[in-house]
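Data block for structure_37.pdb (PDB, N, CA and C atoms):
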```
MODEL        1
ATOM      1  N   MET A   1       2.508  17.622   2.461  1.00  0.00           N
ATOM      2  CA  MET A   1       2.784  16.214   2.197  1.00  0.00           C
ATOM      3  C   MET A   1       2.481  15.405   3.450  1.00  0.00           C
ATOM      4  N   SER A   2       2.038  14.213   3.240  1.00  0.00           N
ATOM      5  CA  SER A   2       1.682  13.324   4.345  1.00  0.00           C
ATOM      6  C   SER A   2       2.914  12.790   5.051  1.00  0.00           C
ATOM      7  N   GLU A   3       2.712  12.418   6.284  1.00  0.00           N
ATOM      8  CA  GLU A   3       3.768  11.769   7.066  1.00  0.00           C
ATOM      9  C   GLU A   3       3.784  10.269   6.737  1.00  0.00           C
ATOM     10  N   TRP A   4       4.943   9.661   6.864  1.00  0.00           N
ATOM     11  CA  TRP A   4       5.035   8.211   6.687  1.00  0.00           C
ATOM     12  C   TRP A   4       4.354   7.521   7.864  1.00  0.00           C
ATOM     13  N   ILE A   5       3.614   6.457   7.570  1.00  0.00           N
ATOM     14  CA  ILE A   5       2.919   5.678   8.588  1.00  0.00           C
ATOM     15  C   ILE A   5       3.555   4.298   8.632  1.00  0.00           C
ATOM     16  N   SER A   6       3.992   3.872   9.807  1.00  0.00           N
ATOM     17  CA  SER A   6       4.549   2.533   9.956  1.00  0.00           C
ATOM     18  C   SER A   6       3.424   1.517   9.795  1.00  0.00           C
ATOM     19  N   VAL A   7       3.713   0.401   9.130  1.00  0.00           N
ATOM     20  CA  VAL A   7       2.697  -0.642   8.999  1.00  0.00           C
ATOM     21  C   VAL A   7       2.342  -1.228  10.367  1.00  0.00           C
ATOM     22  N   LYS A   8       3.214  -1.010  11.365  1.00  0.00           N
ATOM     23  CA  LYS A   8       2.913  -1.452  12.735  1.00  0.00           C
ATOM     24  C   LYS A   8       1.851  -0.567  13.375  1.00  0.00           C
ATOM     25  N   ASP A   9       1.709   0.670  12.866  1.00  0.00           N
ATOM     26  CA  ASP A   9       0.749   1.625  13.424  1.00  0.00           C
ATOM     27  C   ASP A   9      -0.590   1.638  12.698  1.00  0.00           C
ATOM     28  N   GLY A  10      -0.647   1.104  11.491  1.00  0.00           N
ATOM     29  CA  GLY A  10      -1.897   1.080  10.744  1.00  0.00           C
ATOM     30  C   GLY A  10      -1.668   0.780   9.279  1.00  0.00           C
ATOM     31  N   LEU A  11      -2.728   0.362   8.617  1.00  0.00           N
ATOM     32  CA  LEU A  11      -2.679   0.010   7.207  1.00  0.00           C
ATOM     33  C   LEU A  11      -3.748   0.807   6.454  1.00  0.00           C
ATOM     34  N   PRO A  12      -3.587   0.957   5.149  1.00  0.00           N
ATOM     35  CA  PRO A  12      -4.609   1.681   4.380  1.00  0.00           C
ATOM     36  C   PRO A  12      -5.977   0.997   4.507  1.00  0.00           C
ATOM     37  N   GLU A  13      -7.041   1.801   4.437  1.00  0.00           N
ATOM     38  CA  GLU A  13      -8.392   1.247   4.494  1.00  0.00           C
ATOM     39  C   GLU A  13      -8.738   0.593   3.156  1.00  0.00           C
ATOM     40  N   TYR A  14      -9.517  -0.472   3.228  1.00  0.00           N
ATOM     41  CA  TYR A  14     -10.013  -1.108   2.007  1.00  0.00           C
ATOM     42  C   TYR A  14     -11.047  -0.188   1.368  1.00  0.00           C
ATOM     43  N   THR A  15     -10.922   0.053   0.077  1.00  0.00           N
ATOM     44  CA  THR A  15     -11.859   0.922  -0.641  1.00  0.00           C
ATOM     45  C   THR A  15     -12.534   0.211  -1.806  1.00  0.00           C
ATOM     46  N   HIS A  16     -12.064  -0.972  -2.168  1.00  0.00           N
ATOM     47  CA  HIS A  16     -12.622  -1.719  -3.298  1.00  0.00           C
ATOM     48  C   HIS A  16     -12.933  -3.150  -2.853  1.00  0.00           C
ATOM     49  N   ASP A  17     -14.094  -3.634  -3.214  1.00  0.00           N
ATOM     50  CA  ASP A  17     -14.527  -4.980  -2.853  1.00  0.00           C
ATOM     51  C   ASP A  17     -14.622  -5.818  -4.119  1.00  0.00           C
ATOM     52  N   PHE A  18     -13.776  -6.828  -4.233  1.00  0.00           N
ATOM     53  CA  PHE A  18     -13.780  -7.727  -5.383  1.00  0.00           C
ATOM     54  C   PHE A  18     -14.387  -9.073  -5.005  1.00  0.00           C
ATOM     55  N   GLY A  19     -15.402  -9.026  -4.141  1.00  0.00           N
ATOM     56  CA  GLY A  19     -16.124 -10.234  -3.734  1.00  0.00           C
ATOM     57  C   GLY A  19     -15.229 -11.219  -3.020  1.00  0.00           C
ATOM     58  N   SER A  20     -15.286 -12.466  -3.428  1.00  0.00           N
ATOM     59  CA  SER A  20     -14.513 -13.509  -2.743  1.00  0.00           C
ATOM     60  C   SER A  20     -13.022 -13.423  -3.069  1.00  0.00           C
ATOM     61  N   PHE A  21     -12.649 -12.595  -4.069  1.00  0.00           N
ATOM     62  CA  PHE A  21     -11.231 -12.488  -4.443  1.00  0.00           C
ATOM     63  C   PHE A  21     -10.442 -11.674  -3.432  1.00  0.00           C
ATOM     64  N   ALA A  22     -10.870 -10.441  -3.145  1.00  0.00           N
ATOM     65  CA  ALA A  22     -10.084  -9.603  -2.232  1.00  0.00           C
ATOM     66  C   ALA A  22     -10.786  -8.286  -1.934  1.00  0.00           C
ATOM     67  N   LEU A  23     -10.446  -7.724  -0.800  1.00  0.00           N
ATOM     68  CA  LEU A  23     -10.716  -6.327  -0.480  1.00  0.00           C
ATOM     69  C   LEU A  23      -9.404  -5.598  -0.726  1.00  0.00           C
ATOM     70  N   VAL A  24      -9.440  -4.439  -1.401  1.00  0.00           N
ATOM     71  CA  VAL A  24      -8.216  -3.754  -1.820  1.00  0.00           C
ATOM     72  C   VAL A  24      -8.307  -2.269  -1.481  1.00  0.00           C
ATOM     73  N   SER A  25      -7.173  -1.692  -1.075  1.00  0.00           N
ATOM     74  CA  SER A  25      -7.102  -0.255  -0.790  1.00  0.00           C
ATOM     75  C   SER A  25      -6.825   0.521  -2.072  1.00  0.00           C
ATOM     76  N   ASP A  26      -6.944   1.835  -1.992  1.00  0.00           N
ATOM     77  CA  ASP A  26      -6.420   2.689  -3.053  1.00  0.00           C
ATOM     78  C   ASP A  26      -4.903   2.529  -3.077  1.00  0.00           C
ATOM     79  N   CYS A  27      -4.271   2.906  -4.167  1.00  0.00           N
ATOM     80  CA  CYS A  27      -2.813   2.869  -4.236  1.00  0.00           C
ATOM     81  C   CYS A  27      -2.232   3.924  -3.294  1.00  0.00           C
ATOM     82  N   VAL A  28      -1.114   3.592  -2.689  1.00  0.00           N
ATOM     83  CA  VAL A  28      -0.394   4.475  -1.787  1.00  0.00           C
ATOM     84  C   VAL A  28       1.082   4.443  -2.158  1.00  0.00           C
ATOM     85  N   LYS A  29       1.826   5.400  -1.656  1.00  0.00           N
ATOM     86  CA  LYS A  29       3.280   5.365  -1.782  1.00  0.00           C
ATOM     87  C   LYS A  29       3.785   4.542  -0.610  1.00  0.00           C
ATOM     88  N   ALA A  30       4.673   3.595  -0.887  1.00  0.00           N
ATOM     89  CA  ALA A  30       5.144   2.694   0.164  1.00  0.00           C
ATOM     90  C   ALA A  30       6.658   2.539   0.087  1.00  0.00           C
ATOM     91  N   ILE A  31       7.236   2.123   1.206  1.00  0.00           N
ATOM     92  CA  ILE A  31       8.673   1.831   1.265  1.00  0.00           C
ATOM     93  C   ILE A  31       8.844   0.326   1.390  1.00  0.00           C
ATOM     94  N   SER A  32       9.531  -0.249   0.417  1.00  0.00           N
ATOM     95  CA  SER A  32       9.860  -1.670   0.407  1.00  0.00           C
ATOM     96  C   SER A  32      11.357  -1.805   0.670  1.00  0.00           C
ATOM     97  N   ILE A  33      11.724  -2.690   1.563  1.00  0.00           N
ATOM     98  CA  ILE A  33      13.150  -2.901   1.849  1.00  0.00           C
ATOM     99  C   ILE A  33      13.882  -3.340   0.578  1.00  0.00           C
ATOM    100  N   SER A  34      13.255  -4.193  -0.229  1.00  0.00           N
ATOM    101  CA  SER A  34      13.925  -4.716  -1.422  1.00  0.00           C
ATOM    102  C   SER A  34      13.842  -3.794  -2.641  1.00  0.00           C
ATOM    103  N   LYS A  35      12.760  -2.981  -2.750  1.00  0.00           N
ATOM    104  CA  LYS A  35      12.567  -2.167  -3.953  1.00  0.00           C
ATOM    105  C   LYS A  35      12.634  -0.666  -3.724  1.00  0.00           C
ATOM    106  N   GLY A  36      12.703  -0.218  -2.477  1.00  0.00           N
ATOM    107  CA  GLY A  36      12.704   1.222  -2.205  1.00  0.00           C
ATOM    108  C   GLY A  36      11.295   1.786  -2.290  1.00  0.00           C
ATOM    109  N   ASP A  37      11.173   3.026  -2.818  1.00  0.00           N
ATOM    110  CA  ASP A  37       9.852   3.655  -2.972  1.00  0.00           C
ATOM    111  C   ASP A  37       9.071   2.937  -4.069  1.00  0.00           C
ATOM    112  N   VAL A  38       7.840   2.572  -3.758  1.00  0.00           N
ATOM    113  CA  VAL A  38       6.964   1.926  -4.736  1.00  0.00           C
ATOM    114  C   VAL A  38       5.553   2.480  -4.593  1.00  0.00           C
ATOM    115  N   ILE A  39       4.771   2.343  -5.638  1.00  0.00           N
ATOM    116  CA  ILE A  39       3.333   2.590  -5.573  1.00  0.00           C
ATOM    117  C   ILE A  39       2.707   1.206  -5.409  1.00  0.00           C
ATOM    118  N   ALA A  40       1.901   1.047  -4.375  1.00  0.00           N
ATOM    119  CA  ALA A  40       1.368  -0.273  -4.058  1.00  0.00           C
ATOM    120  C   ALA A  40      -0.026  -0.146  -3.458  1.00  0.00           C
ATOM    121  N   ASP A  41      -0.689  -1.286  -3.343  1.00  0.00           N
ATOM    122  CA  ASP A  41      -1.959  -1.319  -2.626  1.00  0.00           C
ATOM    123  C   ASP A  41      -1.903  -2.431  -1.582  1.00  0.00           C
ATOM    124  N   TRP A  42      -2.762  -2.314  -0.591  1.00  0.00           N
ATOM    125  CA  TRP A  42      -2.872  -3.290   0.481  1.00  0.00           C
ATOM    126  C   TRP A  42      -4.186  -4.030   0.281  1.00  0.00           C
ATOM    127  N   SER A  43      -4.165  -5.328   0.339  1.00  0.00           N
ATOM    128  CA  SER A  43      -5.403  -6.101   0.178  1.00  0.00           C
ATOM    129  C   SER A  43      -5.408  -7.271   1.142  1.00  0.00           C
ATOM    130  N   THR A  44      -6.495  -7.999   1.114  1.00  0.00           N
ATOM    131  CA  THR A  44      -6.573  -9.206   1.936  1.00  0.00           C
ATOM    132  C   THR A  44      -5.559 -10.247   1.463  1.00  0.00           C
ATOM    133  N   GLN A  45      -4.933 -10.007   0.307  1.00  0.00           N
ATOM    134  CA  GLN A  45      -3.882 -10.883  -0.214  1.00  0.00           C
ATOM    135  C   GLN A  45      -2.485 -10.390   0.187  1.00  0.00           C
ATOM    136  N   GLY A  46      -2.387  -9.198   0.795  1.00  0.00           N
ATOM    137  CA  GLY A  46      -1.104  -8.606   1.168  1.00  0.00           C
ATOM    138  C   GLY A  46      -0.802  -7.394   0.301  1.00  0.00           C
ATOM    139  N   TRP A  47       0.451  -6.949   0.301  1.00  0.00           N
ATOM    140  CA  TRP A  47       0.890  -5.803  -0.487  1.00  0.00           C
ATOM    141  C   TRP A  47       1.249  -6.250  -1.897  1.00  0.00           C
ATOM    142  N   CYS A  48       0.858  -5.456  -2.897  1.00  0.00           N
ATOM    143  CA  CYS A  48       1.257  -5.686  -4.290  1.00  0.00           C
ATOM    144  C   CYS A  48       1.597  -4.351  -4.927  1.00  0.00           C
ATOM    145  N   ASP A  49       2.658  -4.331  -5.745  1.00  0.00           N
ATOM    146  CA  ASP A  49       2.999  -3.092  -6.439  1.00  0.00           C
ATOM    147  C   ASP A  49       2.276  -3.028  -7.776  1.00  0.00           C
ATOM    148  N   THR A  50       2.463  -1.951  -8.507  1.00  0.00           N
ATOM    149  CA  THR A  50       1.737  -1.759  -9.760  1.00  0.00           C
ATOM    150  C   THR A  50       2.198  -2.718 -10.862  1.00  0.00           C
ATOM    151  N   ASP A  51       3.324  -3.405 -10.664  1.00  0.00           N
ATOM    152  CA  ASP A  51       3.766  -4.438 -11.606  1.00  0.00           C
ATOM    153  C   ASP A  51       3.110  -5.782 -11.294  1.00  0.00           C
ATOM    154  N   GLY A  52       2.336  -5.845 -10.201  1.00  0.00           N
ATOM    155  CA  GLY A  52       1.698  -7.095  -9.798  1.00  0.00           C
ATOM    156  C   GLY A  52       2.568  -7.962  -8.912  1.00  0.00           C
ATOM    157  N   ASP A  53       3.747  -7.436  -8.535  1.00  0.00           N
ATOM    158  CA  ASP A  53       4.631  -8.204  -7.649  1.00  0.00           C
ATOM    159  C   ASP A  53       4.137  -8.106  -6.212  1.00  0.00           C
ATOM    160  N   CYS A  54       4.095  -9.236  -5.521  1.00  0.00           N
ATOM    161  CA  CYS A  54       3.741  -9.236  -4.103  1.00  0.00           C
ATOM    162  C   CYS A  54       4.964  -8.820  -3.298  1.00  0.00           C
ATOM    163  N   LEU A  55       4.739  -7.971  -2.305  1.00  0.00           N
ATOM    164  CA  LEU A  55       5.839  -7.453  -1.489  1.00  0.00           C
ATOM    165  C   LEU A  55       5.584  -7.796  -0.025  1.00  0.00           C
ATOM    166  N   GLU A  56       6.515  -8.468   0.586  1.00  0.00           N
ATOM    167  CA  GLU A  56       6.364  -8.850   1.991  1.00  0.00           C
ATOM    168  C   GLU A  56       7.217  -7.980   2.909  1.00  0.00           C
ATOM    169  N   ASP A  57       7.884  -6.968   2.334  1.00  0.00           N
ATOM    170  CA  ASP A  57       8.825  -6.187   3.132  1.00  0.00           C
ATOM    171  C   ASP A  57       8.491  -4.693   3.161  1.00  0.00           C
ATOM    172  N   ILE A  58       7.198  -4.351   3.071  1.00  0.00           N
ATOM    173  CA  ILE A  58       6.776  -2.958   3.199  1.00  0.00           C
ATOM    174  C   ILE A  58       6.886  -2.553   4.667  1.00  0.00           C
ATOM    175  N   THR A  59       7.538  -1.429   4.926  1.00  0.00           N
ATOM    176  CA  THR A  59       7.700  -0.967   6.310  1.00  0.00           C
ATOM    177  C   THR A  59       6.865   0.262   6.624  1.00  0.00           C
ATOM    178  N   HIS A  60       6.653   1.138   5.626  1.00  0.00           N
ATOM    179  CA  HIS A  60       5.924   2.395   5.818  1.00  0.00           C
ATOM    180  C   HIS A  60       5.116   2.718   4.565  1.00  0.00           C
ATOM    181  N   TRP A  61       4.107   3.542   4.730  1.00  0.00           N
ATOM    182  CA  TRP A  61       3.283   3.968   3.607  1.00  0.00           C
ATOM    183  C   TRP A  61       2.722   5.349   3.891  1.00  0.00           C
ATOM    184  N   GLN A  62       2.209   6.000   2.828  1.00  0.00           N
ATOM    185  CA  GLN A  62       1.504   7.271   2.958  1.00  0.00           C
ATOM    186  C   GLN A  62       0.567   7.419   1.769  1.00  0.00           C
ATOM    187  N   PRO A  63      -0.538   8.126   1.959  1.00  0.00           N
ATOM    188  CA  PRO A  63      -1.457   8.345   0.844  1.00  0.00           C
ATOM    189  C   PRO A  63      -0.747   9.091  -0.293  1.00  0.00           C
ATOM    190  N   LEU A  64      -1.179   8.827  -1.515  1.00  0.00           N
ATOM    191  CA  LEU A  64      -0.679   9.612  -2.636  1.00  0.00           C
ATOM    192  C   LEU A  64      -1.256  11.014  -2.571  1.00  0.00           C
ATOM    193  N   PRO A  65      -0.532  12.004  -3.048  1.00  0.00           N
ATOM    194  CA  PRO A  65      -1.093  13.362  -3.073  1.00  0.00           C
ATOM    195  C   PRO A  65      -2.254  13.412  -4.061  1.00  0.00           C
ATOM    196  N   PRO A  66      -3.167  14.357  -3.882  1.00  0.00           N
ATOM    197  CA  PRO A  66      -4.273  14.473  -4.832  1.00  0.00           C
ATOM    198  C   PRO A  66      -3.744  14.852  -6.215  1.00  0.00           C
ATOM    199  N   PRO A  67      -4.446  14.433  -7.268  1.00  0.00           N
ATOM    200  CA  PRO A  67      -3.991  14.795  -8.623  1.00  0.00           C
ATOM    201  C   PRO A  67      -4.064  16.311  -8.827  1.00  0.00           C
ATOM    202  N   LEU A  68      -3.200  16.815  -9.671  1.00  0.00           N
ATOM    203  CA  LEU A  68      -3.187  18.257  -9.964  1.00  0.00           C
ATOM    204  C   LEU A  68      -4.312  18.624 -10.892  1.00  0.00           C
TER     205      LEU A  68
ENDMDL
END
```

What would the structure in this file look like if it were written as structure tokens?
Amino acid sequence: MSEWISVKDGLPEYTHDFGSFALVSDCVKAISISKGDVIADWSTQGWCDTDGDCLEDITHWQPLPPPL
């Protein structure tokens, strides 16, 4: 399993280009102060979870494990 990465130490790499809308990372497991563990992505718009909620309180993240 991956180690948690502080957002102060680095952010996920952008893997998807949506033109003028946003650059977006793959989904990662993240820790939100308000929501706890979430699946989210990092983009030029900030953090968003899979419900489409923007999160401003992500403290740590890690890549998702590969699918079985």

**Asked** So which residues get picked by the PyMOL selection byres ((chain A and resi 12) around 6.5) here, written as a ChimeraX atom specification?
**Response** /A:10-11,13-14,25,42

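Atom pair atom N of Ile5 (chain A) / CA of Thr44 (chain A) has a distance of 19.5 Å (rounded to one decimal).
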
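Under the PyMOL selection byres ((chain A and resi 29) around 6), the matching residues in the shown file are A:Cys27, A:Val28, A:Ala30, A:Ile31, A:Val38, A:Ile39, A:Ala40, A:His60, A:Trp61, A:Gln62, A:Pro63, A:Leu64.
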
**Prompt:** Separation of CA of Ser2 (chain A) and CA of Pro66 (chain A), in Å?
**Reply:**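 Taking CA of Ser2 (chain A) as the start and CA of Pro66 (chain A) as the end point, the length is 11.0 Å.
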
**Thr59 (chain A) environment, 7 Å, only C-alpha atoms, sequence neighbours closer than 2 positions dropped, as a PyMOL selection string** = chain A and resi 6-7+31-32+57

**Prompt:** Among chain A, which ones does DSSP place in strand (DSSP E or B), written as JSON, numbers by chain?
**Reply:** {"A": [5, 6, 14, 15, 16, 17, 23, 24, 25, 28, 29, 30, 31, 32, 36, 37, 38, 39, 40, 41, 42, 43, 46, 47, 48, 49, 54, 55, 58, 59, 60, 61, 62, 63]}

**Message:** Would you compute the distance between CA of Phe21 (chain A) and CA of Ser34 (chain A)? Give it in Å to one decimal.
**Reply:** 26.5 Å

Please put the answer as JSON: centre and edge lengths, in Å with one decimal, of a box along x, y and z that encloses all listed atoms of region 2-8 of chain A plus 4 Å on each side.
```
{"center_x": 3.4, "center_y": 6.4, "center_z": 8.3, "size_x": 11.4, "size_y": 23.7, "size_z": 18.1}
```

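With all atoms listed in the file as the atoms that count, the minimum distance from Ser43 (chain A) to the choices A:Leu55, A:Leu23, A:Glu3, A:Leu68 is reached by A:Leu23.
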
Selecting C-alpha atoms, how would region 11-53 of chain A from this structure be written as an mmCIF file, in the first residue's frame?
```cif
data_model
loop_
_atom_site.group_PDB
_atom_site.id
_atom_site.type_symbol
_atom_site.label_atom_id
_atom_site.label_comp_id
_atom_site.auth_asym_id
_atom_site.auth_seq_id
_atom_site.Cartn_x
_atom_site.Cartn_y
_atom_site.Cartn_z
ATOM 1 C CA LEU A 11 0.111 16.900 -5.649
ATOM 2 C CA PRO A 12 -1.065 14.261 -8.131
ATOM 3 C CA GLU A 13 0.136 14.729 -11.715
ATOM 4 C CA TYR A 14 -2.352 15.922 -14.312
ATOM 5 C CA THR A 15 -3.268 13.024 -16.614
ATOM 6 C CA HIS A 16 -6.298 14.408 -18.491
ATOM 7 C CA ASP A 17 -6.494 17.592 -20.561
ATOM 8 C CA PHE A 18 -9.958 19.114 -20.988
ATOM 9 C CA GLY A 19 -8.684 22.082 -23.003
ATOM 10 C CA SER A 20 -9.588 25.473 -21.593
ATOM 11 C CA PHE A 21 -11.775 23.845 -18.897
ATOM 12 C CA ALA A 22 -9.168 22.058 -16.766
ATOM 13 C CA LEU A 23 -6.218 19.742 -16.405
ATOM 14 C CA VAL A 24 -7.253 16.834 -14.138
ATOM 15 C CA SER A 25 -5.427 14.018 -12.327
ATOM 16 C CA ASP A 26 -6.514 10.416 -12.011
ATOM 17 C CA CYS A 27 -8.677 9.762 -8.956
ATOM 18 C CA VAL A 28 -6.768 9.237 -5.714
ATOM 19 C CA LYS A 29 -7.660 8.399 -2.138
ATOM 20 C CA ALA A 30 -7.597 11.609 -0.117
ATOM 21 C CA ILE A 31 -8.146 12.815 3.440
ATOM 22 C CA SER A 32 -10.593 15.687 3.850
ATOM 23 C CA ILE A 33 -10.906 17.367 7.241
ATOM 24 C CA SER A 34 -14.673 17.740 6.729
ATOM 25 C CA LYS A 35 -15.458 14.408 4.988
ATOM 26 C CA GLY A 36 -12.725 11.982 6.087
ATOM 27 C CA ASP A 37 -11.527 9.461 3.471
ATOM 28 C CA VAL A 38 -12.733 10.372 -0.017
ATOM 29 C CA ILE A 39 -11.994 9.454 -3.613
ATOM 30 C CA ALA A 40 -11.095 12.694 -5.358
ATOM 31 C CA ASP A 41 -9.134 14.240 -8.183
ATOM 32 C CA TRP A 42 -6.875 17.282 -8.331
ATOM 33 C CA SER A 43 -7.341 19.762 -11.165
ATOM 34 C CA THR A 44 -6.588 23.315 -12.117
ATOM 35 C CA GLN A 45 -9.975 23.992 -10.459
ATOM 36 C CA GLY A 46 -8.858 22.428 -7.125
ATOM 37 C CA TRP A 47 -9.910 19.187 -5.404
ATOM 38 C CA CYS A 48 -13.280 17.578 -6.220
ATOM 39 C CA ASP A 49 -14.753 14.336 -4.915
ATOM 40 C CA THR A 50 -16.707 11.810 -6.965
ATOM 41 C CA ASP A 51 -19.983 13.532 -5.963
ATOM 42 C CA GLY A 52 -18.719 16.699 -7.689
ATOM 43 C CA ASP A 53 -18.255 18.547 -4.399
#
```
